[in-house]
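Written out below as structure tokens is the structure these notes cover.
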Amino acid sequence: MKTQHASDASKRDGNATEQYFAAEPSSEDVRRRMKVTLRGQDAVVEVSNGVFSGSRLDLGTSVLLREVPEPPETGTLLDLGCGWGPVSLALAFASPKADVWAVDVNERALDLTRANAKSNGCEHIHAASPEQVPADLTFDAIWSTPPIRIGKDALHDLLMTWLPRLTPAGAAYLVVQKNLGADSLIPWLATALGDDYEVSKYHSAKGYRVIEVLRNK
């Protein structure tokens, strides 16, 4: 495995983030270790190029993890767009009796999430591409930093694929930058999901909105 100085990593990160929603990133896979704190739990993780936030814990994910309520202690939880796995790890640390599904189209991200789950003792994290998730599986909670830059239509398709898989009384929390359409996404989701759901702004911080989606029945 190659090593790389942090200064070099920061120079490459701009190119890497442009590829993070590709199935097979074209950038070189250069693994780096770093320490992170996820909802009060310290972890050592591997990150790389071509994966979302490949050199740090990004601000949006930090806001999400700091502000959302505790996840269910048991059941099935989803990290949608897992990247290298910070949200999956936070869910697994908080709910060791739950199954956590870490979903991403990026194969490098899935490989990193598997490695980070193993090295941090989280054997109940299942890193999978969307087509590998059982079609009848539903989720008691969904946490996500959705890939806004894939475009509005693709984003809407993604959210309407996964949010309807919330269980009754399930809750989803999405973090979206205000200047990338967070406020317009809330009424769109409310209309698209229909009367069985409640969609609202849960919290605002540092230019981000945390959107809450509750399924009533």
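Here's how to read the names in the structure tokens: chain A, B, ... by the order shown, residue numbers from 1 in each chain, ligand numbers from 1 in the order shown.
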Legend entry - Distance query region 126-130 of chain A at most 6 Å, only C-alpha atoms, self and fewer than 6 positions along chain excluded, as JSON, numbers by chain: {"A": [101, 102, 103, 104, 105, 110]}
Legend entry - Exercise: Val44 (chain A) partners within 10 Å, only C-alpha atoms, chain neighbours under 6 positions left out, as a PyMOL selection string: chain A and resi 33-37+116+119-120
Inset, instruction - Within 10 Å of region 86-91 of chain A, counting only C-alpha atoms, which residues show up once you throw out same-chain ones fewer than 2 positions away? Write them as a PyMOL selection string, please. - result: chain A and resi 36-43+45+57-58+61-62+64-65+70-73+77-84+93-96+98-103+113+116-117+120-122+124-127+141-145
How would the residues just chosen look if you wrote them out with C-alpha atoms as a short mmCIF file (atom, residue, chain, number, x, y, z; two decimals), in the first residue's frame?
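Here's the written file result-v9.cif:
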data_model
loop_
_atom_site.label_atom_id
_atom_site.label_comp_id
_atom_site.auth_asym_id
_atom_site.auth_seq_id
_atom_site.Cartn_x
_atom_site.Cartn_y
_atom_site.Cartn_z
CA VAL A 36 -11.64 10.76 13.54
CA THR A 37 -14.20 11.27 16.28
CA LEU A 38 -17.70 10.15 15.38
CA ARG A 39 -20.41 11.18 17.88
CA GLY A 40 -17.88 10.97 20.70
CA GLN A 41 -16.33 7.67 19.56
CA ASP A 42 -12.70 7.74 18.40
CA ALA A 43 -11.75 5.65 15.36
CA VAL A 45 -9.82 4.83 9.46
CA LEU A 57 -14.35 14.24 7.79
CA ASP A 58 -16.36 16.74 5.75
CA THR A 61 -21.21 14.83 7.74
CA SER A 62 -19.92 16.46 10.94
CA LEU A 64 -25.28 15.43 10.53
CA LEU A 65 -23.54 13.31 13.15
CA GLU A 70 -29.89 8.55 18.60
CA PRO A 71 -30.66 5.78 16.09
CA PRO A 72 -32.78 2.76 17.05
CA GLU A 73 -30.93 0.28 19.25
CA LEU A 77 -30.24 1.00 9.51
CA LEU A 78 -29.07 2.54 6.22
CA ASP A 79 -26.17 4.84 5.39
CA LEU A 80 -27.02 6.02 1.87
CA GLY A 81 -23.91 7.14 -0.01
CA CYS A 82 -21.49 5.77 2.55
CA GLY A 83 -18.15 6.98 1.15
CA TRP A 84 -15.39 5.58 3.35
CA PHE A 93 -21.01 2.35 17.42
CA ALA A 94 -24.35 3.71 18.64
CA SER A 95 -26.40 0.59 17.85
CA PRO A 96 -24.21 -2.52 18.12
CA ALA A 98 -28.57 -3.36 14.73
CA ASP A 99 -27.68 -4.30 11.17
CA VAL A 100 -26.14 -1.38 9.29
CA TRP A 101 -26.23 -1.30 5.50
CA ALA A 102 -23.62 0.97 3.89
CA VAL A 103 -24.66 1.63 0.29
CA THR A 113 -15.98 0.91 4.39
CA ASN A 116 -12.86 0.42 8.32
CA ALA A 117 -15.71 -1.67 9.71
CA ASN A 120 -13.01 -0.93 14.24
CA GLY A 121 -14.76 -4.13 15.27
CA CYS A 122 -18.07 -3.40 13.53
CA HIS A 124 -22.61 -5.84 11.60
CA ILE A 125 -21.88 -3.32 8.82
CA HIS A 126 -22.82 -4.65 5.36
CA ALA A 127 -21.18 -2.60 2.60
CA ALA A 141 -33.53 4.69 10.09
CA ILE A 142 -31.71 6.26 7.15
CA TRP A 143 -28.83 8.70 7.57
CA SER A 144 -27.31 10.28 4.48
CA THR A 145 -25.08 12.93 3.01
#
Inset, instruction - Name the residues of region 128-180 of chain A that come out as alpha helix (DSSP H) in a backbone DSSP run; write them as a VMD selection string. - result: chain A and resid 152 to 162
Output file for the selection above: N, CA, C and O atoms, as a CSV table (one decimal), in the first residue's frame:
chain,number,residue,atom,x,y,z
A,152,LYS,N,-30.1,17.2,-10.2
A,152,LYS,CA,-31.4,17.2,-9.5
A,152,LYS,C,-32.2,15.9,-9.9
A,152,LYS,O,-32.7,15.3,-9.0
A,153,ASP,N,-32.3,15.6,-11.2
A,153,ASP,CA,-33.1,14.5,-11.5
A,153,ASP,C,-32.6,13.2,-10.9
A,153,ASP,O,-33.3,12.4,-10.4
A,154,ALA,N,-31.3,13.0,-11.0
A,154,ALA,CA,-30.7,11.7,-10.5
A,154,ALA,C,-30.8,11.7,-9.0
A,154,ALA,O,-31.1,10.6,-8.4
A,155,LEU,N,-30.7,12.9,-8.3
A,155,LEU,CA,-30.8,12.9,-6.9
A,155,LEU,C,-32.3,12.6,-6.5
A,155,LEU,O,-32.5,11.8,-5.6
A,156,HIS,N,-33.2,13.1,-7.2
A,156,HIS,CA,-34.6,12.8,-6.9
A,156,HIS,C,-34.9,11.4,-7.1
A,156,HIS,O,-35.6,10.7,-6.2
A,157,ASP,N,-34.4,10.8,-8.1
A,157,ASP,CA,-34.6,9.3,-8.3
A,157,ASP,C,-34.0,8.5,-7.2
A,157,ASP,O,-34.6,7.5,-6.7
A,158,LEU,N,-32.8,8.9,-6.8
A,158,LEU,CA,-32.1,8.2,-5.7
A,158,LEU,C,-32.9,8.3,-4.4
A,158,LEU,O,-33.2,7.2,-3.8
A,159,LEU,N,-33.4,9.5,-4.0
A,159,LEU,CA,-34.1,9.6,-2.8
A,159,LEU,C,-35.5,8.9,-2.8
A,159,LEU,O,-35.9,8.3,-1.8
A,160,MET,N,-36.1,8.9,-4.0
A,160,MET,CA,-37.4,8.2,-4.1
A,160,MET,C,-37.3,6.7,-4.3
A,160,MET,O,-38.2,6.0,-4.2
A,161,THR,N,-36.1,6.2,-4.5
A,161,THR,CA,-35.8,4.8,-4.5
A,161,THR,C,-35.7,4.3,-3.0
A,161,THR,O,-36.2,3.2,-2.7
A,162,TRP,N,-35.0,5.1,-2.2
A,162,TRP,CA,-34.7,4.6,-0.8
A,162,TRP,C,-35.6,5.1,0.3
A,162,TRP,O,-35.9,4.4,1.2
Please return as a PDB file with N, CA and C atoms, in the first residue's frame: the residues of region 18-180 of chain A that backbone DSSP assigns to strand (DSSP E or B).
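Writing the result to out-v1.pdb gives the following:
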ATOM      1  N   ARG A  32      -4.628   6.314   2.977  1.00  0.00           N
ATOM      2  CA  ARG A  32      -4.058   7.084   4.067  1.00  0.00           C
ATOM      3  C   ARG A  32      -4.847   6.774   5.337  1.00  0.00           C
ATOM      4  N   ARG A  33      -4.178   6.769   6.458  1.00  0.00           N
ATOM      5  CA  ARG A  33      -4.840   6.572   7.741  1.00  0.00           C
ATOM      6  C   ARG A  33      -5.046   7.913   8.432  1.00  0.00           C
ATOM      7  N   MET A  34      -6.167   8.025   9.130  1.00  0.00           N
ATOM      8  CA  MET A  34      -6.398   9.216   9.933  1.00  0.00           C
ATOM      9  C   MET A  34      -7.284   8.871  11.118  1.00  0.00           C
ATOM     10  N   LYS A  35      -7.220   9.715  12.136  1.00  0.00           N
ATOM     11  CA  LYS A  35      -8.051   9.552  13.317  1.00  0.00           C
ATOM     12  C   LYS A  35      -9.258  10.480  13.208  1.00  0.00           C
ATOM     13  N   VAL A  36     -10.415   9.963  13.561  1.00  0.00           N
ATOM     14  CA  VAL A  36     -11.636  10.761  13.542  1.00  0.00           C
ATOM     15  C   VAL A  36     -12.414  10.506  14.834  1.00  0.00           C
ATOM     16  N   THR A  37     -13.279  11.439  15.162  1.00  0.00           N
ATOM     17  CA  THR A  37     -14.197  11.267  16.284  1.00  0.00           C
ATOM     18  C   THR A  37     -15.607  11.341  15.740  1.00  0.00           C
ATOM     19  N   LEU A  38     -16.370  10.279  15.956  1.00  0.00           N
ATOM     20  CA  LEU A  38     -17.704  10.146  15.382  1.00  0.00           C
ATOM     21  C   LEU A  38     -18.718  10.045  16.513  1.00  0.00           C
ATOM     22  N   GLN A  41     -17.071   8.927  19.643  1.00  0.00           N
ATOM     23  CA  GLN A  41     -16.329   7.670  19.565  1.00  0.00           C
ATOM     24  C   GLN A  41     -15.113   7.870  18.662  1.00  0.00           C
ATOM     25  N   ASP A  42     -13.924   7.612  19.189  1.00  0.00           N
ATOM     26  CA  ASP A  42     -12.701   7.738  18.395  1.00  0.00           C
ATOM     27  C   ASP A  42     -12.507   6.509  17.509  1.00  0.00           C
ATOM     28  N   ALA A  43     -12.001   6.743  16.301  1.00  0.00           N
ATOM     29  CA  ALA A  43     -11.750   5.650  15.360  1.00  0.00           C
ATOM     30  C   ALA A  43     -10.545   5.999  14.504  1.00  0.00           C
ATOM     31  N   VAL A  44      -9.815   4.977  14.086  1.00  0.00           N
ATOM     32  CA  VAL A  44      -8.760   5.122  13.092  1.00  0.00           C
ATOM     33  C   VAL A  44      -9.280   4.505  11.802  1.00  0.00           C
ATOM     34  N   VAL A  45      -9.220   5.274  10.706  1.00  0.00           N
ATOM     35  CA  VAL A  45      -9.822   4.833   9.456  1.00  0.00           C
ATOM     36  C   VAL A  45      -8.842   5.003   8.308  1.00  0.00           C
ATOM     37  N   GLU A  46      -9.136   4.315   7.211  1.00  0.00           N
ATOM     38  CA  GLU A  46      -8.428   4.500   5.952  1.00  0.00           C
ATOM     39  C   GLU A  46      -9.296   5.316   5.012  1.00  0.00           C
ATOM     40  N   VAL A  47      -8.669   6.232   4.289  1.00  0.00           N
ATOM     41  CA  VAL A  47      -9.350   7.011   3.258  1.00  0.00           C
ATOM     42  C   VAL A  47      -8.502   6.939   1.993  1.00  0.00           C
ATOM     43  N   THR A  76     -32.778  -2.424  11.381  1.00  0.00           N
ATOM     44  CA  THR A  76     -31.957  -2.317  10.177  1.00  0.00           C
ATOM     45  C   THR A  76     -31.802  -0.843   9.830  1.00  0.00           C
ATOM     46  N   LEU A  77     -30.555  -0.408   9.710  1.00  0.00           N
ATOM     47  CA  LEU A  77     -30.241   0.996   9.505  1.00  0.00           C
ATOM     48  C   LEU A  77     -29.496   1.162   8.181  1.00  0.00           C
ATOM     49  N   LEU A  78     -29.675   2.301   7.525  1.00  0.00           N
ATOM     50  CA  LEU A  78     -29.071   2.536   6.218  1.00  0.00           C
ATOM     51  C   LEU A  78     -28.247   3.809   6.220  1.00  0.00           C
ATOM     52  N   ASP A  79     -27.013   3.692   5.732  1.00  0.00           N
ATOM     53  CA  ASP A  79     -26.166   4.842   5.392  1.00  0.00           C
ATOM     54  C   ASP A  79     -26.163   4.919   3.873  1.00  0.00           C
ATOM     55  N   LEU A  80     -26.867   5.888   3.319  1.00  0.00           N
ATOM     56  CA  LEU A  80     -27.022   6.017   1.873  1.00  0.00           C
ATOM     57  C   LEU A  80     -25.946   6.951   1.326  1.00  0.00           C
ATOM     58  N   ASP A  99     -28.379  -4.073  12.430  1.00  0.00           N
ATOM     59  CA  ASP A  99     -27.682  -4.301  11.167  1.00  0.00           C
ATOM     60  C   ASP A  99     -27.579  -2.972  10.432  1.00  0.00           C
ATOM     61  N   VAL A 100     -26.373  -2.636  10.002  1.00  0.00           N
ATOM     62  CA  VAL A 100     -26.139  -1.384   9.292  1.00  0.00           C
ATOM     63  C   VAL A 100     -25.761  -1.692   7.852  1.00  0.00           C
ATOM     64  N   TRP A 101     -26.533  -1.149   6.913  1.00  0.00           N
ATOM     65  CA  TRP A 101     -26.227  -1.303   5.496  1.00  0.00           C
ATOM     66  C   TRP A 101     -25.579  -0.014   5.001  1.00  0.00           C
ATOM     67  N   ALA A 102     -24.378  -0.153   4.447  1.00  0.00           N
ATOM     68  CA  ALA A 102     -23.618   0.968   3.893  1.00  0.00           C
ATOM     69  C   ALA A 102     -23.679   0.845   2.377  1.00  0.00           C
ATOM     70  N   VAL A 103     -24.377   1.757   1.719  1.00  0.00           N
ATOM     71  CA  VAL A 103     -24.658   1.635   0.292  1.00  0.00           C
ATOM     72  C   VAL A 103     -23.958   2.745  -0.485  1.00  0.00           C
ATOM     73  N   ILE A 125     -21.757  -4.232   9.951  1.00  0.00           N
ATOM     74  CA  ILE A 125     -21.880  -3.320   8.815  1.00  0.00           C
ATOM     75  C   ILE A 125     -21.797  -4.131   7.530  1.00  0.00           C
ATOM     76  N   HIS A 126     -22.779  -3.946   6.647  1.00  0.00           N
ATOM     77  CA  HIS A 126     -22.824  -4.645   5.357  1.00  0.00           C
ATOM     78  C   HIS A 126     -22.630  -3.605   4.257  1.00  0.00           C
ATOM     79  N   ALA A 127     -21.459  -3.553   3.672  1.00  0.00           N
ATOM     80  CA  ALA A 127     -21.178  -2.602   2.595  1.00  0.00           C
ATOM     81  C   ALA A 127     -21.602  -3.216   1.269  1.00  0.00           C
ATOM     82  N   ALA A 128     -22.452  -2.509   0.524  1.00  0.00           N
ATOM     83  CA  ALA A 128     -23.042  -3.105  -0.673  1.00  0.00           C
ATOM     84  C   ALA A 128     -23.374  -2.041  -1.703  1.00  0.00           C
ATOM     85  N   PHE A 139     -35.967  -0.209   6.256  1.00  0.00           N
ATOM     86  CA  PHE A 139     -35.012   0.390   7.182  1.00  0.00           C
ATOM     87  C   PHE A 139     -35.725   1.187   8.276  1.00  0.00           C
ATOM     88  N   ASP A 140     -35.264   0.988   9.484  1.00  0.00           N
ATOM     89  CA  ASP A 140     -35.817   1.706  10.631  1.00  0.00           C
ATOM     90  C   ASP A 140     -35.264   3.121  10.736  1.00  0.00           C
ATOM     91  N   ALA A 141     -34.109   3.351  10.141  1.00  0.00           N
ATOM     92  CA  ALA A 141     -33.525   4.691  10.086  1.00  0.00           C
ATOM     93  C   ALA A 141     -32.627   4.787   8.867  1.00  0.00           C
ATOM     94  N   ILE A 142     -32.600   5.964   8.268  1.00  0.00           N
ATOM     95  CA  ILE A 142     -31.712   6.263   7.145  1.00  0.00           C
ATOM     96  C   ILE A 142     -30.980   7.547   7.473  1.00  0.00           C
ATOM     97  N   TRP A 143     -29.660   7.500   7.441  1.00  0.00           N
ATOM     98  CA  TRP A 143     -28.834   8.704   7.571  1.00  0.00           C
ATOM     99  C   TRP A 143     -28.055   8.870   6.270  1.00  0.00           C
ATOM    100  N   SER A 144     -27.949  10.108   5.786  1.00  0.00           N
ATOM    101  CA  SER A 144     -27.311  10.278   4.485  1.00  0.00           C
ATOM    102  C   SER A 144     -26.754  11.678   4.284  1.00  0.00           C
ATOM    103  N   LEU A 166     -38.381   3.216   4.193  1.00  0.00           N
ATOM    104  CA  LEU A 166     -38.488   3.386   5.633  1.00  0.00           C
ATOM    105  C   LEU A 166     -39.625   2.524   6.175  1.00  0.00           C
ATOM    106  N   THR A 167     -39.402   1.937   7.344  1.00  0.00           N
ATOM    107  CA  THR A 167     -40.479   1.214   8.013  1.00  0.00           C
ATOM    108  C   THR A 167     -41.481   2.208   8.584  1.00  0.00           C
ATOM    109  N   PRO A 168     -42.716   1.791   8.861  1.00  0.00           N
ATOM    110  CA  PRO A 168     -43.635   2.668   9.581  1.00  0.00           C
ATOM    111  C   PRO A 168     -43.000   3.123  10.898  1.00  0.00           C
ATOM    112  N   ALA A 169     -43.095   4.413  11.175  1.00  0.00           N
ATOM    113  CA  ALA A 169     -42.455   5.058  12.330  1.00  0.00           C
ATOM    114  C   ALA A 169     -40.951   5.216  12.148  1.00  0.00           C
ATOM    115  N   GLY A 170     -40.425   4.894  10.963  1.00  0.00           N
ATOM    116  CA  GLY A 170     -39.010   5.089  10.685  1.00  0.00           C
ATOM    117  C   GLY A 170     -38.700   6.550  10.408  1.00  0.00           C
ATOM    118  N   ALA A 171     -37.413   6.909  10.521  1.00  0.00           N
ATOM    119  CA  ALA A 171     -36.994   8.299  10.327  1.00  0.00           C
ATOM    120  C   ALA A 171     -35.738   8.354   9.479  1.00  0.00           C
ATOM    121  N   ALA A 172     -35.685   9.331   8.587  1.00  0.00           N
ATOM    122  CA  ALA A 172     -34.490   9.577   7.777  1.00  0.00           C
ATOM    123  C   ALA A 172     -33.978  10.977   8.067  1.00  0.00           C
ATOM    124  N   TYR A 173     -32.654  11.123   8.034  1.00  0.00           N
ATOM    125  CA  TYR A 173     -32.019  12.422   8.231  1.00  0.00           C
ATOM    126  C   TYR A 173     -31.011  12.629   7.110  1.00  0.00           C
ATOM    127  N   LEU A 174     -31.203  13.716   6.361  1.00  0.00           N
ATOM    128  CA  LEU A 174     -30.361  14.051   5.222  1.00  0.00           C
ATOM    129  C   LEU A 174     -29.708  15.396   5.491  1.00  0.00           C
ATOM    130  N   VAL A 175     -28.421  15.520   5.209  1.00  0.00           N
ATOM    131  CA  VAL A 175     -27.756  16.813   5.361  1.00  0.00           C
ATOM    132  C   VAL A 175     -27.428  17.358   3.969  1.00  0.00           C
ATOM    133  N   VAL A 176     -27.849  18.599   3.724  1.00  0.00           N
ATOM    134  CA  VAL A 176     -27.698  19.225   2.417  1.00  0.00           C
ATOM    135  C   VAL A 176     -27.297  20.684   2.626  1.00  0.00           C
ATOM    136  N   GLN A 177     -26.342  21.154   1.820  1.00  0.00           N
ATOM    137  CA  GLN A 177     -25.955  22.559   1.903  1.00  0.00           C
ATOM    138  C   GLN A 177     -27.115  23.464   1.513  1.00  0.00           C
TER     139      GLN A 177
END
Legend entry - Option closest in space to Ala205 (chain A), from A:Arg66, A:Arg149, A:Arg108, A:Lys118 [counting only C-alpha atoms]: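 The shortest atom-to-atom distance to Ala205 (chain A) comes from A:Arg66.
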Inset, instruction - Compare A:Val63, A:Ile148, A:Ala182, A:Leu137 by their minimum atom-to-atom distance to Pro164 (chain A), counting only C-alpha atoms, and give me the closest one. - result: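 Looking only at the distances to Pro164 (chain A), the closest residue turns out to be A:Leu137.
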Inset, instruction - Rounded to one decimal place, report the CA of Leu59 (chain A)-CA of Gly207 (chain A) distance in Å. - result: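 So the answer is 9.5 Å.
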Legend entry - Contact residues around Lys201 (chain A) with only C-alpha atoms at 8 Å, ignoring same-chain residues under 5 positions, as a list in words: Ile186, Arg209, Val210, Ile211 and Glu212 of chain A
